[in-house]
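> If it helps, the file is called final.txt and holds compact mmCIF, C-alpha atoms:
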```txt
# COMPACT_ATOMS: atom_id res chain seq x y z
CA MET A 24 24.80 237.13 -36.55
CA PRO A 25 25.01 240.66 -35.07
CA THR A 26 22.81 243.14 -36.89
CA SER A 27 24.48 245.76 -39.09
CA GLU A 28 23.57 247.99 -42.01
CA PRO A 29 21.86 245.74 -44.59
CA ILE A 30 23.99 244.80 -47.57
CA GLY A 31 22.36 245.72 -50.86
CA VAL A 32 22.14 242.62 -53.05
CA GLY A 33 21.84 242.48 -56.83
CA ILE A 34 21.01 239.34 -58.78
CA VAL A 35 22.13 238.89 -62.38
CA GLY A 36 20.06 236.28 -64.21
CA LEU A 37 16.55 235.34 -63.13
CA GLY A 38 16.20 231.76 -64.24
CA PHE A 39 15.57 229.02 -61.69
CA MET A 40 18.81 229.66 -59.79
CA GLY A 41 18.43 233.43 -59.81
CA MET A 42 14.94 233.15 -58.38
CA THR A 43 16.24 230.62 -55.84
CA HIS A 44 18.93 233.08 -54.70
CA LEU A 45 16.39 235.90 -54.50
CA ALA A 46 14.04 233.84 -52.31
CA ALA A 47 16.92 232.76 -50.03
CA TYR A 48 18.11 236.34 -49.55
CA GLU A 49 14.57 237.42 -48.69
CA ARG A 50 14.17 234.62 -46.15
CA ALA A 51 17.51 235.59 -44.61
CA ALA A 52 16.42 239.22 -44.36
CA ARG A 53 13.18 238.18 -42.67
CA ASP A 54 15.24 236.23 -40.13
CA GLY A 55 17.31 239.30 -39.28
CA TRP A 56 20.36 238.82 -41.49
CA PRO A 57 21.81 242.12 -42.79
CA CYS A 58 20.87 241.86 -46.44
CA ARG A 59 18.26 243.30 -48.78
CA VAL A 60 17.72 242.52 -52.45
CA VAL A 61 17.69 245.92 -54.13
CA ALA A 62 18.17 245.09 -57.81
CA ALA A 63 17.90 242.36 -60.43
CA ALA A 64 19.07 242.21 -64.03
CA ASP A 65 17.62 240.02 -66.76
CA PRO A 66 16.46 240.71 -70.33
CA ASN A 67 12.96 239.75 -69.15
CA VAL A 68 13.31 241.11 -65.65
CA GLY A 69 9.72 242.27 -65.12
CA LYS A 70 8.18 239.03 -66.33
CA ARG A 71 10.66 236.94 -64.35
CA LEU A 72 10.06 238.75 -61.07
CA ARG A 73 6.32 238.24 -61.39
CA GLN A 74 6.24 234.63 -62.56
CA ASP A 75 4.78 232.02 -60.27
CA GLU A 76 6.23 228.94 -61.93
CA ALA A 77 9.54 227.58 -60.62
CA ARG A 78 11.59 225.09 -62.60
CA GLY A 79 14.43 222.90 -61.44
CA ASN A 80 15.33 219.99 -59.18
CA ILE A 81 14.52 221.39 -55.73
CA ALA A 82 11.22 223.05 -54.87
CA VAL A 83 11.72 226.50 -53.39
CA GLU A 84 9.42 229.11 -51.92
CA GLY A 85 8.57 231.93 -54.31
CA PRO A 86 9.96 235.44 -53.57
CA GLY A 87 8.12 238.65 -52.99
CA ALA A 88 10.45 240.91 -54.98
CA SER A 89 8.15 243.91 -54.55
CA ASP A 90 10.86 246.56 -54.06
CA VAL A 91 13.51 245.27 -56.47
CA ARG A 92 14.91 247.69 -59.07
CA GLU A 93 14.60 246.18 -62.52
CA TYR A 94 17.53 246.33 -64.95
CA ARG A 95 17.72 244.73 -68.37
CA SER A 96 21.51 244.44 -68.35
CA ALA A 97 24.21 243.46 -65.89
CA GLY A 98 26.11 246.68 -66.63
CA GLU A 99 23.22 248.79 -65.38
CA LEU A 100 23.00 246.76 -62.17
CA LEU A 101 26.74 247.00 -61.54
CA SER A 102 26.51 250.78 -61.81
CA ASP A 103 23.97 250.89 -58.98
CA PRO A 104 25.84 252.24 -55.90
CA ASP A 105 23.38 250.51 -53.55
CA VAL A 106 24.43 247.07 -54.80
CA LYS A 107 27.27 245.74 -52.66
CA LEU A 108 26.94 241.98 -53.22
CA VAL A 109 26.12 240.35 -56.56
CA SER A 110 24.75 236.86 -57.19
CA ILE A 111 25.69 235.75 -60.70
CA CYS A 112 23.15 233.20 -61.94
CA THR A 113 23.69 233.31 -65.70
CA PRO A 114 24.97 230.67 -68.16
CA THR A 115 28.41 229.26 -67.35
CA ASP A 116 30.22 230.89 -70.25
CA THR A 117 29.33 234.36 -68.92
CA HIS A 118 30.43 233.83 -65.31
CA VAL A 119 34.05 234.95 -65.43
CA LYS A 120 33.33 238.09 -67.46
CA LEU A 121 30.48 239.15 -65.18
CA ALA A 122 32.30 238.27 -61.96
CA THR A 123 35.34 240.23 -63.14
CA ALA A 124 33.20 243.27 -63.93
CA ALA A 125 31.48 243.04 -60.55
CA LEU A 126 34.75 242.82 -58.63
CA GLU A 127 36.22 245.72 -60.59
CA ALA A 128 33.08 247.71 -59.70
CA GLY A 129 33.85 247.07 -56.03
CA LYS A 130 31.15 244.46 -55.44
CA HIS A 131 31.33 241.18 -53.53
CA VAL A 132 30.41 238.15 -55.68
CA LEU A 133 28.61 234.86 -55.24
CA CYS A 134 29.03 233.01 -58.54
CA GLU A 135 26.91 230.01 -59.44
CA LYS A 136 28.63 226.74 -60.24
CA PRO A 137 30.53 225.88 -62.29
CA VAL A 138 32.55 229.09 -62.26
CA ALA A 139 33.96 228.21 -65.69
CA LEU A 140 34.75 225.21 -67.87
CA ARG A 141 38.47 225.97 -67.92
CA ALA A 142 40.66 226.12 -64.84
CA ASP A 143 42.82 228.85 -66.41
CA ASP A 144 39.79 231.15 -66.66
CA ILE A 145 39.14 230.67 -62.95
CA ARG A 146 42.79 231.41 -62.18
CA GLU A 147 42.47 234.75 -63.95
CA LEU A 148 39.33 235.53 -61.96
CA LYS A 149 41.19 234.64 -58.77
CA ARG A 150 43.86 237.23 -59.63
CA VAL A 151 41.16 239.86 -60.09
CA ALA A 152 39.54 238.87 -56.78
CA GLN A 153 42.85 239.13 -54.92
CA ARG A 154 43.44 242.63 -56.28
CA SER A 155 39.92 243.72 -55.40
CA ASN A 156 40.01 242.47 -51.80
CA ARG A 157 36.37 241.44 -52.19
CA VAL A 158 34.54 238.18 -51.56
CA CYS A 159 34.32 235.98 -54.65
CA MET A 160 32.77 232.65 -53.71
CA PRO A 161 31.67 229.77 -55.94
CA ALA A 162 28.17 228.57 -55.08
CA MET A 163 28.90 224.94 -54.14
CA CYS A 164 25.58 224.51 -52.34
CA MET A 165 25.96 220.83 -51.37
CA ARG A 166 28.61 221.81 -48.83
CA PHE A 167 25.83 223.65 -47.00
CA TRP A 168 23.03 221.09 -47.38
CA PRO A 169 22.11 219.98 -43.83
CA GLN A 170 22.35 216.21 -44.37
CA TRP A 171 25.52 216.58 -46.42
CA LYS A 172 27.09 218.84 -43.82
CA TRP A 173 26.21 216.15 -41.28
CA LEU A 174 28.06 213.60 -43.43
CA LYS A 175 31.15 215.79 -43.71
CA ASP A 176 31.15 216.27 -39.92
CA ARG A 177 30.96 212.48 -39.30
CA ILE A 178 33.83 211.86 -41.74
CA ASP A 179 35.92 214.48 -39.95
CA ASP A 180 35.10 213.62 -36.32
CA GLY A 181 35.39 209.83 -36.72
CA MET A 182 32.39 209.16 -34.47
CA LEU A 183 31.29 206.28 -36.72
CA GLY A 184 34.80 205.08 -37.54
CA ALA A 185 36.65 205.32 -40.83
CA VAL A 186 34.86 205.30 -44.17
CA ARG A 187 34.94 201.94 -45.92
CA SER A 188 32.96 202.86 -49.04
CA ALA A 189 30.96 205.77 -50.42
CA GLN A 190 28.54 206.12 -53.32
CA PHE A 191 26.88 209.28 -54.62
CA HIS A 192 24.00 209.35 -57.10
CA ARG A 193 22.58 212.43 -58.88
CA VAL A 194 20.42 211.95 -61.98
CA GLY A 195 17.27 213.40 -63.50
CA ALA A 196 15.59 214.51 -66.68
CA ALA A 197 17.66 216.69 -68.97
CA PRO A 198 16.78 220.40 -68.72
CA THR A 199 13.89 221.42 -70.94
CA TRP A 200 14.67 225.15 -70.60
CA SER A 201 17.55 227.19 -72.11
CA GLN A 202 18.04 224.55 -74.79
CA GLU A 203 20.44 226.72 -76.78
CA PHE A 204 22.78 226.60 -73.78
CA TYR A 205 22.32 223.08 -72.42
CA SER A 206 22.41 221.36 -75.82
CA ASP A 207 25.83 222.88 -76.56
CA PRO A 208 28.50 221.06 -74.50
CA THR A 209 31.10 223.67 -75.45
CA ARG A 210 29.04 226.10 -73.34
CA SER A 211 27.47 223.93 -70.64
CA GLY A 212 30.03 221.13 -70.37
CA GLY A 213 27.18 218.63 -70.37
CA ALA A 214 25.88 216.94 -67.22
CA LEU A 215 29.49 216.22 -66.24
CA VAL A 216 30.07 219.89 -65.49
CA ASP A 217 26.56 221.19 -64.87
CA LEU A 218 25.22 218.43 -62.57
CA HIS A 219 27.94 215.96 -61.58
CA VAL A 220 30.12 218.90 -60.47
CA HIS A 221 28.22 218.91 -57.15
CA ASP A 222 29.41 215.43 -56.23
CA ALA A 223 32.90 215.93 -57.65
CA ASP A 224 33.30 218.95 -55.38
CA PHE A 225 31.79 217.22 -52.36
CA VAL A 226 33.96 214.11 -52.75
CA ARG A 227 37.05 216.29 -52.89
CA PHE A 228 35.76 218.36 -49.93
CA CYS A 229 35.40 215.20 -47.83
CA PHE A 230 38.40 213.16 -48.91
CA GLY A 231 40.89 215.51 -50.58
CA ASP A 232 42.40 215.16 -54.04
CA PRO A 233 42.13 211.61 -55.39
CA THR A 234 45.20 209.65 -56.41
CA GLY A 235 43.36 208.08 -59.32
CA VAL A 236 40.27 208.79 -61.45
CA SER A 237 38.43 206.36 -63.71
CA SER A 238 35.24 207.36 -65.55
CA ALA A 239 32.79 205.50 -67.79
CA GLY A 240 29.80 206.64 -69.82
CA SER A 241 29.59 210.07 -71.43
CA ILE A 242 29.65 213.73 -70.45
CA ASP A 243 25.86 213.55 -70.13
CA HIS A 244 25.83 210.45 -67.90
CA VAL A 245 29.05 209.63 -66.14
CA THR A 246 30.04 207.17 -63.43
CA THR A 247 33.41 207.94 -61.84
CA THR A 248 35.49 205.99 -59.36
CA TYR A 249 37.85 208.13 -57.31
CA ARG A 250 40.68 206.26 -55.62
CA PHE A 251 42.27 207.55 -52.43
CA ASP A 252 45.48 205.95 -51.19
CA ARG A 253 45.62 205.83 -47.40
CA GLY A 254 49.12 204.75 -46.50
CA ASN A 255 49.05 201.55 -44.49
CA GLU A 256 45.27 201.33 -44.80
CA PRO A 257 43.57 199.75 -47.84
CA PRO A 258 42.77 202.34 -50.54
CA LEU A 259 39.32 203.88 -50.54
CA ASP A 260 37.22 203.88 -53.72
CA VAL A 261 34.43 206.47 -53.90
CA VAL A 262 31.88 206.21 -56.72
CA ALA A 263 29.76 209.06 -58.05
CA GLU A 264 27.16 208.78 -60.80
CA GLY A 265 25.63 211.84 -62.41
CA GLY A 266 23.60 212.34 -65.53
CA TRP A 267 20.70 213.64 -67.52
CA LEU A 268 18.11 210.98 -68.34
CA THR A 269 14.99 210.88 -70.49
CA ARG A 270 12.19 213.42 -70.11
CA GLY A 271 9.91 212.68 -67.18
CA THR A 272 12.59 211.03 -65.06
CA PRO A 273 12.29 212.42 -61.52
CA PHE A 274 15.34 214.03 -59.98
CA GLN A 275 17.22 211.66 -57.69
CA MET A 276 19.89 212.68 -55.19
CA ARG A 277 21.34 210.06 -52.85
CA TYR A 278 24.40 208.92 -50.98
CA VAL A 279 25.24 205.68 -49.19
CA VAL A 280 28.36 205.85 -47.03
CA GLU A 281 29.58 202.83 -45.09
CA PHE A 282 31.59 203.62 -41.96
CA GLU A 283 33.26 201.04 -39.73
CA ARG A 284 30.37 201.11 -37.26
CA ALA A 285 27.35 202.30 -39.27
CA THR A 286 25.96 203.06 -42.72
CA ALA A 287 24.52 206.48 -43.58
CA ASP A 288 21.81 206.48 -46.27
CA PHE A 289 20.42 209.75 -47.65
CA ASP A 290 17.66 209.78 -50.27
CA LEU A 291 15.98 213.03 -51.29
CA SER A 292 12.81 211.23 -52.33
CA LEU A 293 12.14 209.54 -48.97
CA GLN A 294 10.91 210.73 -45.60
CA PRO A 295 12.88 210.78 -43.42
CA GLN A 296 15.61 211.55 -45.91
CA LEU A 297 18.61 210.49 -43.80
CA LEU A 298 18.84 207.14 -42.01
CA LEU A 299 21.64 205.65 -39.96
CA ARG A 300 21.86 201.87 -39.74
CA ARG A 301 23.94 200.16 -37.04
CA ASP A 302 23.77 197.15 -34.75
CA GLY A 303 20.70 195.87 -36.60
CA ARG A 304 18.78 199.08 -35.95
CA GLU A 305 17.64 201.91 -38.20
CA GLU A 306 17.32 205.45 -36.91
CA ALA A 307 16.34 208.75 -38.51
CA VAL A 308 18.95 211.49 -38.27
CA ALA A 309 17.57 214.87 -37.30
CA THR A 310 18.96 217.91 -39.14
CA ASN A 311 17.56 221.40 -39.63
CA ASP A 312 16.46 220.65 -43.22
CA ASP A 313 12.86 221.34 -42.23
CA VAL A 314 13.91 224.93 -41.48
CA MET A 315 16.64 225.71 -44.05
CA ASN A 316 17.99 224.08 -47.18
CA GLY A 317 21.50 224.35 -48.59
CA TYR A 318 20.68 227.52 -50.52
CA ASP A 319 19.56 229.25 -47.32
CA MET A 320 22.73 228.28 -45.48
CA GLU A 321 24.95 229.22 -48.43
CA ILE A 322 23.34 232.66 -48.76
CA ARG A 323 23.66 233.39 -45.04
CA TYR A 324 27.29 232.35 -45.09
CA VAL A 325 28.19 234.66 -47.99
CA VAL A 326 26.23 237.54 -46.40
CA ARG A 327 28.26 237.09 -43.20
CA CYS A 328 31.53 236.99 -45.19
CA ALA A 329 30.61 240.17 -47.09
CA ALA A 330 29.45 241.94 -43.92
CA GLU A 331 32.66 241.07 -42.06
CA GLY A 332 35.05 241.36 -45.01
CA LEU A 333 36.02 237.67 -44.85
CA THR A 334 37.50 237.09 -48.29
CA ASP A 335 38.97 233.66 -47.46
CA THR A 336 35.72 231.76 -47.94
CA SER A 337 35.04 228.03 -47.97
CA PRO A 338 34.48 227.12 -50.75
CA ASN A 339 36.85 229.46 -52.58
CA LEU A 340 38.25 229.91 -56.07
CA ASP A 341 41.08 227.47 -55.38
CA ASP A 342 38.38 224.84 -54.84
CA ALA A 343 36.73 225.84 -58.11
CA ILE A 344 40.08 225.50 -59.91
CA ALA A 345 40.72 222.07 -58.38
CA VAL A 346 37.23 220.84 -59.30
CA ALA A 347 37.64 222.07 -62.89
CA GLU A 348 40.90 220.11 -63.09
CA LEU A 349 39.22 217.05 -61.58
CA LEU A 350 36.46 217.21 -64.17
CA ASP A 351 39.14 217.53 -66.85
CA ALA A 352 40.62 214.27 -65.56
CA GLU A 353 37.21 212.61 -65.74
CA ARG A 354 36.68 213.91 -69.28
CA ALA A 355 40.09 212.54 -70.29
CA SER A 356 39.22 209.18 -68.74
CA LEU A 357 35.97 209.10 -70.74
CA SER A 358 37.92 209.80 -73.95
CA SER A 359 40.39 207.06 -73.14
CA GLU A 360 37.56 204.59 -72.47
CA ARG A 361 35.91 205.40 -75.80
CA SER A 362 39.18 205.00 -77.72
CA ARG A 363 39.72 201.41 -76.52
```
In structure tokens, how does this file's structure come out?


Amino acid sequence: MPTSEPIGVGIVGLGFMGMTHLAAYERAARDGWPCRVVAAADPNVGKRLRQDEARGNIAVEGPGASDVREYRSAGELLSDPDVKLVSICTPTDTHVKLATAALEAGKHVLCEKPVALRADDIRELKRVAQRSNRVCMPAMCMRFWPQWKWLKDRIDDGMLGAVRSAQFHRVGAAPTWSQEFYSDPTRSGGALVDLHVHDADFVRFCFGDPTGVSSAGSIDHVTTTYRFDRGNEPPLDVVAEGGWLTRGTPFQMRYVVEFERATADFDLSLQPQLLLRRDGREEAVATNDDVMNGYDMEIRYVVRCAAEGLTDTSPNLDDAIAVAELLDAERASLSSERSR
């Protein structure tokens, strides 16, 4: 994008996702994007910025963080006049309060998913964002993941024909960090909200709002069938499984989507990760995943929106509201299944 005065970035929360955001901003800056991480806030900010160990599902390059101002509280960071864009990477139940404070301080906001457990809380944040005329974007990173963006493009352009079936799979060991948060479903929402939310959002992004939702399992390991009525065409059923499994289980992220003329098969654990099968042949699909991951693309997108004042982002808070309501429907379906 055209160069401009770098946007000062502040990161609130330096767990795995905060460090991931920091590294992505620094890579963007090295590639000429107008951003610079100037501040970070965390109760253990100094230790976090200097740690070498990264935890989480996706390996990321460690940041430099040599010139980052260190704050122990979000309030101190939000008072820094050099901070123009804030990444909020704290526990879910703090998101709305922190995002509201950032917007009211005149900052742009990138808020980690899920924005909140309750759709009404996100609606209130949307009202604040509209008054502020600032960017407030939920961090739905799968929309930016190269092989997933490729899938969305093929669904939209019809090059492989209509979708006949689609399955999404996202499971791994339960988090061993921040146990006070993750073990309390009233705060984390369980794997349904913390992990499965990625596929719920992406399914809706690709196919719209489902006409029916049926879920089985539990909030920590759910399998949901989304039904989409298609007029004169047979209905489409899309299945998404997401859950936390026993310790030591490797993270698995996969989709298999059958089109009329080919089947797309993505598996994070394989190389190449994305294969296209048609006419008895198998071919690797080239994307730019060897250069950038979904976090990189997400960060560059929000930097561009902040630099150009583009408050109508994609994804936006309406998407976050719709996904929260969709997860509510899945939770209700789980309750109904257990009561039978």

> Name the residues in contact with region 150-159 of chain A at a cut-off of 12 Å, using only C-alpha atoms, excluding same-chain residues fewer than 2 positions from it; report them as a PyMOL selection string.

chain A and resi 107-111+118-135+138+143-148+161-162+324-343

> Could you give me, as a PyMOL selection string, the residues within 12 Å of region 228-230 of chain A, counting only C-alpha atoms and dropping anything in the same chain fewer than 2 positions from it?

chain A and resi 163+165-167+171-180+185-186+188-189+220-226+232-234+249-253+258-261+280+337-339+341-343+345-346

> Keeping only C-alpha atoms, write those residues as a tab-separated table (two decimals), keeping the file's coordinate frame.


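Final file, part_0.tsv:
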```tsv
chain	number	residue	atom	x	y	z
A	163	MET	CA	28.90	224.94	-54.14
A	165	MET	CA	25.96	220.83	-51.37
A	166	ARG	CA	28.61	221.81	-48.83
A	167	PHE	CA	25.83	223.65	-47.00
A	171	TRP	CA	25.52	216.58	-46.42
A	172	LYS	CA	27.09	218.84	-43.82
A	173	TRP	CA	26.21	216.15	-41.28
A	174	LEU	CA	28.06	213.60	-43.43
A	175	LYS	CA	31.15	215.79	-43.71
A	176	ASP	CA	31.15	216.27	-39.92
A	177	ARG	CA	30.96	212.48	-39.30
A	178	ILE	CA	33.83	211.86	-41.74
A	179	ASP	CA	35.92	214.48	-39.95
A	180	ASP	CA	35.10	213.62	-36.32
A	185	ALA	CA	36.65	205.32	-40.83
A	186	VAL	CA	34.86	205.30	-44.17
A	188	SER	CA	32.96	202.86	-49.04
A	189	ALA	CA	30.96	205.77	-50.42
A	220	VAL	CA	30.12	218.90	-60.47
A	221	HIS	CA	28.22	218.91	-57.15
A	222	ASP	CA	29.41	215.43	-56.23
A	223	ALA	CA	32.90	215.93	-57.65
A	224	ASP	CA	33.30	218.95	-55.38
A	225	PHE	CA	31.79	217.22	-52.36
A	226	VAL	CA	33.96	214.11	-52.75
A	232	ASP	CA	42.40	215.16	-54.04
A	233	PRO	CA	42.13	211.61	-55.39
A	234	THR	CA	45.20	209.65	-56.41
A	249	TYR	CA	37.85	208.13	-57.31
A	250	ARG	CA	40.68	206.26	-55.62
A	251	PHE	CA	42.27	207.55	-52.43
A	252	ASP	CA	45.48	205.95	-51.19
A	253	ARG	CA	45.62	205.83	-47.40
A	258	PRO	CA	42.77	202.34	-50.54
A	259	LEU	CA	39.32	203.88	-50.54
A	260	ASP	CA	37.22	203.88	-53.72
A	261	VAL	CA	34.43	206.47	-53.90
A	280	VAL	CA	28.36	205.85	-47.03
A	337	SER	CA	35.04	228.03	-47.97
A	338	PRO	CA	34.48	227.12	-50.75
A	339	ASN	CA	36.85	229.46	-52.58
A	341	ASP	CA	41.08	227.47	-55.38
A	342	ASP	CA	38.38	224.84	-54.84
A	343	ALA	CA	36.73	225.84	-58.11
A	345	ALA	CA	40.72	222.07	-58.38
A	346	VAL	CA	37.23	220.84	-59.30
```

> List the spatial neighbours of Gln190 (chain A) as a ChimeraX atom specification - criterion: any atom at most 6 Å away, all atoms listed in the file, same-chain residues fewer than 3 positions off excluded.

/A:261-263,278-279

> To one decimal place in Å, what is the distance between CA of Ala64 (chain A) and CA of Ala97 (chain A)?

5.6 Å

> How many Å separate CA of Leu101 (chain A) from CA of Arg59 (chain A)?

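Answer for the CA of Leu101 (chain A) to CA of Arg59 (chain A) separation: 15.8 Å.
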
> Pick from A:Ala214, A:Ala347, A:Val314, A:Met160: nearest to Pro198 (chain A), with all atoms listed in the file counted?

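Closest residue, counting all atoms listed in the file: A:Ala214.
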